[in-house]
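Engineer: Structure incoming, see below.
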Amino acid sequence: MAQLDEKLEGIYQDVLKRNPGEVEFHQAVQEVLESLGPVISKNPEYLERKIIERLCEPERQIIFRVPWQDDKGQVHINRGFRVEFNSALGPYKGGLRFHPSVYLGIIKFLGFEQIFKNSLTGMPIGGGKGGSDFDPKGKSDDEIMRFCQSFMTELYRHLGEHTDVPAGDIGVGGREIGYMFGQYKRITNRWEAGVLTGKGLKWGGSLVRPEATGYGATYFINEALKVRKNSFEGKTCLVSGSGNVAIYTIEKIHQLGGKCVACSDSNGIIVHEKGLDIGLIKQLKEVERRRIADYAAYHKDAKYIPGGNIWEVPCQVAMPSATQNEINGKDAATLVKNGCTAVGEGANMPTTPEGIKVFMEAKIAYGPGKACNAGGVATSALEMQQNAQRDSWSFEETEKKLENIMKGIHKLCYTISDEYGDPGNYVLGANIGGFIKVADAMVAHGLI
Ligand code: NDP
Ligand code: 2IT
């Protein structure tokens, strides 16, 4: 990776010291700071006003106890988090993650990324993230409901349509948002649609929000392919994960003429050379809440490989859509060697710094998460717009808006990368493009 500018190195060392053990947060900060050298040279005011130090320190961090009872009456205690990172551009906005690996460092890396991602969308949303180390796997519907109610019983006092607006992330989808919305409404006695996004379509949700992250990531890579006079037509693709983002990435790739031959979960991978059956995946994952291994029972020519490494399957386009650091340096090298020419990050920070270096050196089209997966939060902002107008738009209208937003983000990142002397370097474009807008708003708001 690029060396840090001398002035930024001190800031980074301070971040390491002030946030011990939070390795994912360190990684996310380092990746952004590596792009900012030329920006602070052009505009020393950012340094004088300590904009970067302020950006690296969340405005507010909330950690709370979440007690709940399972179906047998046993008591469990989890930890809840909400990191309200930066409100320069709008109310804190970002998802909630329920996964046993969650701790403060994960929520801070996600919240930090969210600031720049939300800025890139051009919509009035600040950055935040939350979640819990609760493991939803194997829990009954009632257990999920009781957990969500307990979680919201503390979180509600920190939320509001003009204050902080959560949504889903890993382990949090429409069902969980429903239980949390119900509890918020009950406690506050307010039918405040704009307090959560990813709501059900019958009670304030937006069409296209479930599809938005995956569709948006695919639109972003489609634009990057166009720059290279190329397209998804006939391309063999890999999409890791088999959750919300993965499902709609596969669906949109197929609509654009590509063929996804593999997806995964934390237990293994499914390889189906003929092309994945998206209808079956939706039925297994969204309706029946089963594991991806079960896919093989329905297609005799598909193969399930327990513990398999999806990045070893040859492809031309890879869309990591599961979790952080799922592509390491070796995986990246394997992808490039096998002929992969585009990588679009549906997940947040799925590529390690070593992996990013491999993609940059190979000069493939690499769409970093904060640009590529911004379609989800952008459509959350469209949901907020509809809620504020007490209106709802058609699928076609909303999807067109999403497509235009992703084209706009791609163009912004490309233009900035060109301005800073490395056309097509979307890491540079996304970090600088996301940063400048937030930094200028912070300057305008004074020392707060
Ligand atoms: P889901 O919970 O719907 O799906 C997550 C998928 O990733 C599952 O297949 C899961 O497998 C796999 N996965 C999760 N954690 C791990 C892990 N530690 N190791 C291996 N596999 C794992 O989540 P989403 O699809 O919503 O989120 C996927 C990624 O996209 C995340 O990085 C998220 O931050 C990012 N994202 C999500 C947005 C959204 O709108 N939902 C918006 C922008 C980014 P298993 O079932 O085995 O755990
Ligand atoms: O990482 C993300 O952008 C999300 N999980 C979606 C956030 C949102 O508020 O829609």
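Residues are named by chain letter and number: chains run A, B, ... in the order of the structure tokens, numbers start at 1 in each chain, and ligands are numbered from 1 in the order shown.
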Mind checking DSSP for region 44-224 of chain A and telling me the strand (DSSP E or B) residues as a ChimeraX atom specification?
Structural biologist: /A:60-69,75-86,92-98,126-132,160,164-169,172
Engineer: Quick one: residues within 6 Å of ligand 2, with only C-alpha atoms and all ligand atoms, as a PyMOL selection string?
Structural biologist: chain A and resi 93-95+166-169+374+376-377+380
Engineer: Only C-alpha atoms, please: the residues just picked out, written as a PDB file, in the first residue's frame.
Structural biologist:
```
ATOM      1  CA  LYS A  93     -27.242   6.655   9.194  1.00  0.00           C
ATOM      2  CA  GLY A  94     -26.032   3.089   8.937  1.00  0.00           C
ATOM      3  CA  GLY A  95     -27.005  -0.486   9.597  1.00  0.00           C
ATOM      4  CA  PRO A 166     -30.529   2.554  11.652  1.00  0.00           C
ATOM      5  CA  ALA A 167     -31.188  -0.152   9.037  1.00  0.00           C
ATOM      6  CA  GLY A 168     -30.057  -3.750   8.436  1.00  0.00           C
ATOM      7  CA  ASP A 169     -26.669  -5.353   7.917  1.00  0.00           C
ATOM      8  CA  ALA A 374     -23.452   2.573  -1.468  1.00  0.00           C
ATOM      9  CA  GLY A 376     -28.138   0.172  -0.142  1.00  0.00           C
ATOM     10  CA  VAL A 377     -27.814   3.228   2.034  1.00  0.00           C
ATOM     11  CA  SER A 380     -32.473   3.936   2.500  1.00  0.00           C
TER      12      SER A 380
END
```
Engineer: For each of A:Ala430, A:Leu33, A:Val165, A:Val66, take the minimum atom-to-atom distance to Glu84 (chain A), counting only C-alpha atoms, then give the residue where this is smallest.
Structural biologist: A:Val165
Engineer: Give me, as a PDB file with all heavy atoms, in the first residue's frame, the set of residues whose atoms come within 6 Å of any atom of ligand 1, counting only C-alpha atoms and all ligand atoms.
Structural biologist:
```
ATOM      1  N   GLY A 168     -30.616  -2.409   8.283  1.00  0.00           N
ATOM      2  CA  GLY A 168     -30.057  -3.750   8.436  1.00  0.00           C
ATOM      3  C   GLY A 168     -28.598  -3.840   8.033  1.00  0.00           C
ATOM      4  O   GLY A 168     -28.024  -2.914   7.459  1.00  0.00           O
ATOM      5  N   ASP A 169     -28.003  -4.953   8.377  1.00  0.00           N
ATOM      6  CA  ASP A 169     -26.669  -5.353   7.917  1.00  0.00           C
ATOM      7  C   ASP A 169     -26.633  -6.870   8.153  1.00  0.00           C
ATOM      8  O   ASP A 169     -27.703  -7.495   8.188  1.00  0.00           O
ATOM      9  CB  ASP A 169     -25.566  -4.612   8.715  1.00  0.00           C
ATOM     10  CG  ASP A 169     -24.186  -4.734   8.073  1.00  0.00           C
ATOM     11  OD1 ASP A 169     -23.889  -3.975   7.133  1.00  0.00           O
ATOM     12  OD2 ASP A 169     -23.385  -5.601   8.496  1.00  0.00           O
ATOM     13  N   ILE A 170     -25.480  -7.460   8.335  1.00  0.00           N
ATOM     14  CA  ILE A 170     -25.421  -8.916   8.554  1.00  0.00           C
ATOM     15  C   ILE A 170     -26.332  -9.314   9.720  1.00  0.00           C
ATOM     16  O   ILE A 170     -26.270  -8.712  10.796  1.00  0.00           O
ATOM     17  CB  ILE A 170     -23.969  -9.358   8.841  1.00  0.00           C
ATOM     18  CG1 ILE A 170     -23.115  -9.235   7.573  1.00  0.00           C
ATOM     19  CG2 ILE A 170     -23.935 -10.795   9.368  1.00  0.00           C
ATOM     20  CD1 ILE A 170     -21.642  -9.533   7.786  1.00  0.00           C
ATOM     21  N   GLY A 171     -27.186 -10.292   9.481  1.00  0.00           N
ATOM     22  CA  GLY A 171     -28.049 -10.816  10.546  1.00  0.00           C
ATOM     23  C   GLY A 171     -29.263  -9.961  10.853  1.00  0.00           C
ATOM     24  O   GLY A 171     -30.049 -10.303  11.739  1.00  0.00           O
ATOM     25  N   THR A 213     -28.583  -2.946  -2.481  1.00  0.00           N
ATOM     26  CA  THR A 213     -27.126  -3.037  -2.342  1.00  0.00           C
ATOM     27  C   THR A 213     -26.543  -3.883  -3.474  1.00  0.00           C
ATOM     28  O   THR A 213     -25.575  -3.492  -4.136  1.00  0.00           O
ATOM     29  CB  THR A 213     -26.739  -3.614  -0.974  1.00  0.00           C
ATOM     30  OG1 THR A 213     -27.455  -2.900   0.037  1.00  0.00           O
ATOM     31  CG2 THR A 213     -25.254  -3.494  -0.727  1.00  0.00           C
ATOM     32  N   GLY A 241     -20.924 -15.269  -0.257  1.00  0.00           N
ATOM     33  CA  GLY A 241     -22.083 -15.069   0.605  1.00  0.00           C
ATOM     34  C   GLY A 241     -23.325 -15.619  -0.082  1.00  0.00           C
ATOM     35  O   GLY A 241     -23.293 -16.009  -1.268  1.00  0.00           O
ATOM     36  N   SER A 242     -24.411 -15.668   0.671  1.00  0.00           N
ATOM     37  CA  SER A 242     -25.702 -16.058   0.093  1.00  0.00           C
ATOM     38  C   SER A 242     -26.801 -15.346   0.868  1.00  0.00           C
ATOM     39  O   SER A 242     -27.898 -15.864   1.045  1.00  0.00           O
ATOM     40  CB  SER A 242     -25.886 -17.579   0.152  1.00  0.00           C
ATOM     41  OG  SER A 242     -25.556 -18.059   1.448  1.00  0.00           O
ATOM     42  N   GLY A 243     -26.471 -14.161   1.358  1.00  0.00           N
ATOM     43  CA  GLY A 243     -27.437 -13.348   2.092  1.00  0.00           C
ATOM     44  C   GLY A 243     -28.034 -12.279   1.202  1.00  0.00           C
ATOM     45  O   GLY A 243     -28.029 -12.395  -0.032  1.00  0.00           O
ATOM     46  N   ASN A 244     -28.524 -11.221   1.825  1.00  0.00           N
ATOM     47  CA  ASN A 244     -29.239 -10.177   1.094  1.00  0.00           C
ATOM     48  C   ASN A 244     -28.422  -9.603  -0.067  1.00  0.00           C
ATOM     49  O   ASN A 244     -28.903  -9.526  -1.204  1.00  0.00           O
ATOM     50  CB  ASN A 244     -29.650  -9.065   2.073  1.00  0.00           C
ATOM     51  CG  ASN A 244     -30.232  -7.873   1.349  1.00  0.00           C
ATOM     52  OD1 ASN A 244     -29.535  -6.912   1.051  1.00  0.00           O
ATOM     53  ND2 ASN A 244     -31.510  -7.947   1.010  1.00  0.00           N
ATOM     54  N   VAL A 245     -27.206  -9.194   0.209  1.00  0.00           N
ATOM     55  CA  VAL A 245     -26.408  -8.527  -0.833  1.00  0.00           C
ATOM     56  C   VAL A 245     -26.054  -9.505  -1.947  1.00  0.00           C
ATOM     57  O   VAL A 245     -26.191  -9.188  -3.139  1.00  0.00           O
ATOM     58  CB  VAL A 245     -25.141  -7.886  -0.217  1.00  0.00           C
ATOM     59  CG1 VAL A 245     -24.283  -7.241  -1.295  1.00  0.00           C
ATOM     60  CG2 VAL A 245     -25.526  -6.860   0.845  1.00  0.00           C
ATOM     61  N   ALA A 246     -25.645 -10.715  -1.570  1.00  0.00           N
ATOM     62  CA  ALA A 246     -25.249 -11.713  -2.566  1.00  0.00           C
ATOM     63  C   ALA A 246     -26.416 -12.048  -3.502  1.00  0.00           C
ATOM     64  O   ALA A 246     -26.260 -12.080  -4.729  1.00  0.00           O
ATOM     65  CB  ALA A 246     -24.755 -12.975  -1.861  1.00  0.00           C
ATOM     66  N   ASP A 265     -21.457 -19.698   1.933  1.00  0.00           N
ATOM     67  CA  ASP A 265     -21.744 -19.159   3.271  1.00  0.00           C
ATOM     68  C   ASP A 265     -20.541 -19.508   4.142  1.00  0.00           C
ATOM     69  O   ASP A 265     -19.513 -19.945   3.602  1.00  0.00           O
ATOM     70  CB  ASP A 265     -23.094 -19.655   3.837  1.00  0.00           C
ATOM     71  CG  ASP A 265     -23.162 -21.148   4.044  1.00  0.00           C
ATOM     72  OD1 ASP A 265     -22.088 -21.801   4.098  1.00  0.00           O
ATOM     73  OD2 ASP A 265     -24.281 -21.678   4.140  1.00  0.00           O
ATOM     74  N   SER A 266     -20.636 -19.331   5.453  1.00  0.00           N
ATOM     75  CA  SER A 266     -19.433 -19.535   6.268  1.00  0.00           C
ATOM     76  C   SER A 266     -19.065 -21.011   6.391  1.00  0.00           C
ATOM     77  O   SER A 266     -18.011 -21.342   6.931  1.00  0.00           O
ATOM     78  CB  SER A 266     -19.615 -18.901   7.648  1.00  0.00           C
ATOM     79  OG  SER A 266     -20.749 -19.440   8.287  1.00  0.00           O
ATOM     80  N   ASN A 267     -19.913 -21.921   5.892  1.00  0.00           N
ATOM     81  CA  ASN A 267     -19.588 -23.341   5.958  1.00  0.00           C
ATOM     82  C   ASN A 267     -18.980 -23.900   4.675  1.00  0.00           C
ATOM     83  O   ASN A 267     -18.238 -24.876   4.727  1.00  0.00           O
ATOM     84  CB  ASN A 267     -20.834 -24.173   6.286  1.00  0.00           C
ATOM     85  CG  ASN A 267     -21.401 -23.814   7.644  1.00  0.00           C
ATOM     86  OD1 ASN A 267     -22.552 -23.398   7.757  1.00  0.00           O
ATOM     87  ND2 ASN A 267     -20.588 -23.932   8.679  1.00  0.00           N
ATOM     88  N   SER A 321     -19.379 -10.499  -1.258  1.00  0.00           N
ATOM     89  CA  SER A 321     -20.616  -9.965  -0.675  1.00  0.00           C
ATOM     90  C   SER A 321     -20.962 -10.638   0.643  1.00  0.00           C
ATOM     91  O   SER A 321     -22.136 -10.771   0.988  1.00  0.00           O
ATOM     92  CB  SER A 321     -21.766 -10.152  -1.669  1.00  0.00           C
ATOM     93  OG  SER A 321     -21.419  -9.613  -2.930  1.00  0.00           O
ATOM     94  N   ALA A 322     -19.927 -11.076   1.383  1.00  0.00           N
ATOM     95  CA  ALA A 322     -20.173 -11.730   2.677  1.00  0.00           C
ATOM     96  C   ALA A 322     -19.698 -10.868   3.833  1.00  0.00           C
ATOM     97  O   ALA A 322     -20.513 -10.310   4.583  1.00  0.00           O
ATOM     98  CB  ALA A 322     -19.503 -13.098   2.709  1.00  0.00           C
ATOM     99  N   THR A 323     -18.369 -10.694   3.986  1.00  0.00           N
ATOM    100  CA  THR A 323     -17.891 -10.044   5.215  1.00  0.00           C
ATOM    101  C   THR A 323     -16.498  -9.439   5.027  1.00  0.00           C
ATOM    102  O   THR A 323     -15.915  -9.567   3.947  1.00  0.00           O
ATOM    103  CB  THR A 323     -17.916 -11.073   6.365  1.00  0.00           C
ATOM    104  OG1 THR A 323     -17.743 -10.399   7.607  1.00  0.00           O
ATOM    105  CG2 THR A 323     -16.823 -12.124   6.206  1.00  0.00           C
ATOM    106  N   GLN A 324     -15.963  -8.826   6.096  1.00  0.00           N
ATOM    107  CA  GLN A 324     -14.656  -8.162   5.996  1.00  0.00           C
ATOM    108  C   GLN A 324     -13.520  -9.190   5.870  1.00  0.00           C
ATOM    109  O   GLN A 324     -13.601 -10.281   6.422  1.00  0.00           O
ATOM    110  CB  GLN A 324     -14.391  -7.245   7.197  1.00  0.00           C
ATOM    111  CG  GLN A 324     -14.323  -7.918   8.555  1.00  0.00           C
ATOM    112  CD  GLN A 324     -15.678  -8.146   9.168  1.00  0.00           C
ATOM    113  OE1 GLN A 324     -16.683  -7.729   8.629  1.00  0.00           O
ATOM    114  NE2 GLN A 324     -15.718  -8.825  10.297  1.00  0.00           N
ATOM    115  N   GLY A 346     -19.447  -5.779  -2.684  1.00  0.00           N
ATOM    116  CA  GLY A 346     -20.772  -5.629  -2.086  1.00  0.00           C
ATOM    117  C   GLY A 346     -20.658  -5.577  -0.579  1.00  0.00           C
ATOM    118  O   GLY A 346     -21.415  -4.886   0.103  1.00  0.00           O
ATOM    119  N   ALA A 347     -19.690  -6.302  -0.034  1.00  0.00           N
ATOM    120  CA  ALA A 347     -19.452  -6.303   1.417  1.00  0.00           C
ATOM    121  C   ALA A 347     -18.630  -5.077   1.800  1.00  0.00           C
ATOM    122  O   ALA A 347     -18.096  -4.375   0.935  1.00  0.00           O
ATOM    123  CB  ALA A 347     -18.720  -7.578   1.820  1.00  0.00           C
ATOM    124  N   ASN A 348     -18.519  -4.825   3.101  1.00  0.00           N
ATOM    125  CA  ASN A 348     -17.687  -3.742   3.607  1.00  0.00           C
ATOM    126  C   ASN A 348     -16.295  -4.270   3.916  1.00  0.00           C
ATOM    127  O   ASN A 348     -16.152  -5.235   4.678  1.00  0.00           O
ATOM    128  CB  ASN A 348     -18.310  -3.147   4.873  1.00  0.00           C
ATOM    129  CG  ASN A 348     -19.527  -2.292   4.539  1.00  0.00           C
ATOM    130  OD1 ASN A 348     -19.432  -1.349   3.750  1.00  0.00           O
ATOM    131  ND2 ASN A 348     -20.681  -2.630   5.103  1.00  0.00           N
ATOM    132  N   ASN A 373     -20.860  -0.445  -2.780  1.00  0.00           N
ATOM    133  CA  ASN A 373     -22.066  -0.934  -2.100  1.00  0.00           C
ATOM    134  C   ASN A 373     -22.931   0.189  -1.527  1.00  0.00           C
ATOM    135  O   ASN A 373     -23.825  -0.057  -0.705  1.00  0.00           O
ATOM    136  CB  ASN A 373     -21.732  -2.002  -1.057  1.00  0.00           C
ATOM    137  CG  ASN A 373     -21.013  -1.458   0.173  1.00  0.00           C
ATOM    138  OD1 ASN A 373     -21.335  -0.383   0.668  1.00  0.00           O
ATOM    139  ND2 ASN A 373     -20.059  -2.217   0.693  1.00  0.00           N
ATOM    140  N   GLY A 376     -27.247   0.561  -1.236  1.00  0.00           N
ATOM    141  CA  GLY A 376     -28.138   0.172  -0.142  1.00  0.00           C
ATOM    142  C   GLY A 376     -28.529   1.373   0.695  1.00  0.00           C
ATOM    143  O   GLY A 376     -29.720   1.687   0.864  1.00  0.00           O
TER     144      GLY A 376
END
```
Engineer: Report, in Å with one decimal, the straight-line distance from CA of Ile364 (chain A) to CA of Ala342 (chain A).
Structural biologist: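 Taking CA of Ile364 (chain A) and CA of Ala342 (chain A), their separation equals 5.6 Å.
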Engineer: Excluding Glu59 (chain A) and its own-chain neighbours fewer than 5 positions away, which residues fall within 12 Å of it when counting only C-alpha atoms? Please give them as a ChimeraX atom specification.
Structural biologist: /A:53-54,82-88,91-92,108,111-112,115,126-128,448
Engineer: For N, CA, C and O atoms, I'd like the residues from the last selection saved as a PDB file, in the first residue's frame.
Structural biologist:
```pdb
ATOM      1  N   GLU A  53      -8.342  14.331  12.635  1.00  0.00           N
ATOM      2  CA  GLU A  53      -8.411  13.817  14.014  1.00  0.00           C
ATOM      3  C   GLU A  53      -9.860  13.762  14.485  1.00  0.00           C
ATOM      4  O   GLU A  53     -10.284  12.817  15.140  1.00  0.00           O
ATOM      5  N   ARG A  54     -10.627  14.804  14.142  1.00  0.00           N
ATOM      6  CA  ARG A  54     -12.036  14.825  14.569  1.00  0.00           C
ATOM      7  C   ARG A  54     -12.842  13.717  13.874  1.00  0.00           C
ATOM      8  O   ARG A  54     -13.678  13.080  14.485  1.00  0.00           O
ATOM      9  N   ARG A  82     -24.044   1.239  19.508  1.00  0.00           N
ATOM     10  CA  ARG A  82     -24.358   2.190  18.440  1.00  0.00           C
ATOM     11  C   ARG A  82     -23.268   3.245  18.466  1.00  0.00           C
ATOM     12  O   ARG A  82     -23.067   3.894  19.498  1.00  0.00           O
ATOM     13  N   VAL A  83     -22.542   3.348  17.366  1.00  0.00           N
ATOM     14  CA  VAL A  83     -21.491   4.360  17.263  1.00  0.00           C
ATOM     15  C   VAL A  83     -21.991   5.448  16.329  1.00  0.00           C
ATOM     16  O   VAL A  83     -22.175   5.207  15.128  1.00  0.00           O
ATOM     17  N   GLU A  84     -22.253   6.616  16.903  1.00  0.00           N
ATOM     18  CA  GLU A  84     -22.732   7.763  16.123  1.00  0.00           C
ATOM     19  C   GLU A  84     -21.497   8.537  15.696  1.00  0.00           C
ATOM     20  O   GLU A  84     -20.952   9.336  16.453  1.00  0.00           O
ATOM     21  N   PHE A  85     -21.030   8.249  14.494  1.00  0.00           N
ATOM     22  CA  PHE A  85     -19.672   8.665  14.122  1.00  0.00           C
ATOM     23  C   PHE A  85     -19.581  10.107  13.680  1.00  0.00           C
ATOM     24  O   PHE A  85     -18.732  10.865  14.141  1.00  0.00           O
ATOM     25  N   ASN A  86     -20.423  10.505  12.760  1.00  0.00           N
ATOM     26  CA  ASN A  86     -20.266  11.854  12.201  1.00  0.00           C
ATOM     27  C   ASN A  86     -21.596  12.348  11.647  1.00  0.00           C
ATOM     28  O   ASN A  86     -22.229  11.662  10.844  1.00  0.00           O
ATOM     29  N   SER A  87     -22.001  13.543  12.079  1.00  0.00           N
ATOM     30  CA  SER A  87     -23.301  14.075  11.639  1.00  0.00           C
ATOM     31  C   SER A  87     -23.144  15.356  10.821  1.00  0.00           C
ATOM     32  O   SER A  87     -24.046  16.175  10.772  1.00  0.00           O
ATOM     33  N   ALA A  88     -21.980  15.530  10.164  1.00  0.00           N
ATOM     34  CA  ALA A  88     -21.766  16.760   9.399  1.00  0.00           C
ATOM     35  C   ALA A  88     -22.774  16.896   8.252  1.00  0.00           C
ATOM     36  O   ALA A  88     -23.233  17.989   7.938  1.00  0.00           O
ATOM     37  N   PRO A  91     -28.423  13.278   9.690  1.00  0.00           N
ATOM     38  CA  PRO A  91     -28.552  12.391  10.845  1.00  0.00           C
ATOM     39  C   PRO A  91     -27.674  11.155  10.660  1.00  0.00           C
ATOM     40  O   PRO A  91     -27.441  10.723   9.529  1.00  0.00           O
ATOM     41  N   TYR A  92     -27.174  10.603  11.767  1.00  0.00           N
ATOM     42  CA  TYR A  92     -26.375   9.378  11.687  1.00  0.00           C
ATOM     43  C   TYR A  92     -27.190   8.340  10.927  1.00  0.00           C
ATOM     44  O   TYR A  92     -28.385   8.176  11.180  1.00  0.00           O
ATOM     45  N   LYS A 108     -16.889   0.242  14.844  1.00  0.00           N
ATOM     46  CA  LYS A 108     -16.190   1.488  14.503  1.00  0.00           C
ATOM     47  C   LYS A 108     -15.644   1.478  13.081  1.00  0.00           C
ATOM     48  O   LYS A 108     -15.705   2.490  12.372  1.00  0.00           O
ATOM     49  N   GLY A 111     -18.717   2.057  10.963  1.00  0.00           N
ATOM     50  CA  GLY A 111     -19.218   3.431  11.106  1.00  0.00           C
ATOM     51  C   GLY A 111     -18.320   4.428  10.394  1.00  0.00           C
ATOM     52  O   GLY A 111     -18.794   5.394   9.776  1.00  0.00           O
ATOM     53  N   PHE A 112     -17.022   4.199  10.477  1.00  0.00           N
ATOM     54  CA  PHE A 112     -16.052   5.085   9.824  1.00  0.00           C
ATOM     55  C   PHE A 112     -16.234   5.024   8.304  1.00  0.00           C
ATOM     56  O   PHE A 112     -16.337   6.060   7.636  1.00  0.00           O
ATOM     57  N   ILE A 115     -19.280   6.957   6.926  1.00  0.00           N
ATOM     58  CA  ILE A 115     -19.229   8.422   6.767  1.00  0.00           C
ATOM     59  C   ILE A 115     -18.954   8.789   5.304  1.00  0.00           C
ATOM     60  O   ILE A 115     -19.641   9.617   4.703  1.00  0.00           O
ATOM     61  N   GLY A 126     -25.491  11.402   7.609  1.00  0.00           N
ATOM     62  CA  GLY A 126     -24.218  11.267   8.318  1.00  0.00           C
ATOM     63  C   GLY A 126     -23.889   9.789   8.474  1.00  0.00           C
ATOM     64  O   GLY A 126     -24.580   8.920   7.933  1.00  0.00           O
ATOM     65  N   GLY A 127     -22.822   9.492   9.243  1.00  0.00           N
ATOM     66  CA  GLY A 127     -22.369   8.103   9.343  1.00  0.00           C
ATOM     67  C   GLY A 127     -22.503   7.524  10.732  1.00  0.00           C
ATOM     68  O   GLY A 127     -22.138   8.163  11.723  1.00  0.00           O
ATOM     69  N   GLY A 128     -23.022   6.301  10.822  1.00  0.00           N
ATOM     70  CA  GLY A 128     -23.107   5.590  12.096  1.00  0.00           C
ATOM     71  C   GLY A 128     -23.258   4.106  11.845  1.00  0.00           C
ATOM     72  O   GLY A 128     -23.467   3.676  10.702  1.00  0.00           O
ATOM     73  N   ILE A 448     -16.777  21.846  16.611  1.00  0.00           N
ATOM     74  CA  ILE A 448     -17.748  21.107  17.436  1.00  0.00           C
ATOM     75  C   ILE A 448     -17.362  19.637  17.465  1.00  0.00           C
ATOM     76  O   ILE A 448     -16.585  19.196  16.672  1.00  0.00           O
TER      77      ILE A 448
END
```
Engineer: If we count only C-alpha atoms, what is near region 328-330 of chain A at a cut-off of 6 Å, once residues fewer than 3 positions away on the same chain are taken out, given as a PyMOL selection string?
Structural biologist: chain A and resi 333+352+354-355
Engineer: Could you name the residues that touch Leu16 (chain A) at 8 Å or less, counting only C-alpha atoms, but leaving out those on the same chain fewer than 4 positions away, as a list in words?
Structural biologist: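 The filter keeps Tyr12, Pro20 and His26 of chain A.
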Engineer: Give me the residues near Ile250 (chain A) as a count of residues only, where near means some atom within 12 Å (using only C-alpha atoms) and where sequence neighbours in that chain fewer than 2 positions away do not count.
Structural biologist: 48
Engineer: Quote the spacing between CA of Pro314 (chain A) and CA of Leu428 (chain A) in Å to one decimal place.
Structural biologist: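 Between these atoms lies a distance of 27.9 Å.
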Engineer: Which is closer to Glu419 (chain A) than all the others in A:Ile432, A:Ala365, A:Leu89, A:Ile52, using only C-alpha atoms?
Structural biologist: A:Ile432
Engineer: Of the candidates A:Ile327, A:Ala378, A:Ile269, A:Met384, which shows the shortest atom-to-atom distance to Phe359 (chain A), using only C-alpha atoms?
Structural biologist: A:Ile327
Engineer: Can you tell me, as a PDB file with N, CA and C atoms, in the first residue's frame, what residues are no more than 7 Å from Gly307 (chain A) when counting only C-alpha atoms, ignoring any on the same chain fewer than 2 positions away?
Structural biologist:
```
ATOM      1  N   ASN A 267     -19.913 -21.921   5.892  1.00  0.00           N
ATOM      2  CA  ASN A 267     -19.588 -23.341   5.958  1.00  0.00           C
ATOM      3  C   ASN A 267     -18.980 -23.900   4.675  1.00  0.00           C
ATOM      4  N   GLY A 268     -19.315 -23.313   3.522  1.00  0.00           N
ATOM      5  CA  GLY A 268     -18.805 -23.886   2.282  1.00  0.00           C
ATOM      6  C   GLY A 268     -19.277 -23.149   1.042  1.00  0.00           C
ATOM      7  N   ILE A 305     -18.936 -27.760  -1.779  1.00  0.00           N
ATOM      8  CA  ILE A 305     -17.606 -28.053  -1.245  1.00  0.00           C
ATOM      9  C   ILE A 305     -17.504 -27.474   0.164  1.00  0.00           C
ATOM     10  N   ASN A 309     -12.797 -22.715  -0.922  1.00  0.00           N
ATOM     11  CA  ASN A 309     -12.410 -21.317  -1.115  1.00  0.00           C
ATOM     12  C   ASN A 309     -12.965 -20.850  -2.468  1.00  0.00           C
TER      13      ASN A 309
END
```
Engineer: Using only C-alpha atoms, find the one residue out of A:Gly37, A:Gly10, A:Gly369, A:Gly122 that sits nearest to Tyr426 (chain A).
Structural biologist: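 For Tyr426 (chain A), the nearest of the given residues is A:Gly369.
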Engineer: Quick one: DSSP alpha helix (DSSP H) residues in region 34-216 of chain A, as a ChimeraX atom specification?
Structural biologist: /A:34-42,45-48,51-56,104-121,141-155,174-188,209-216
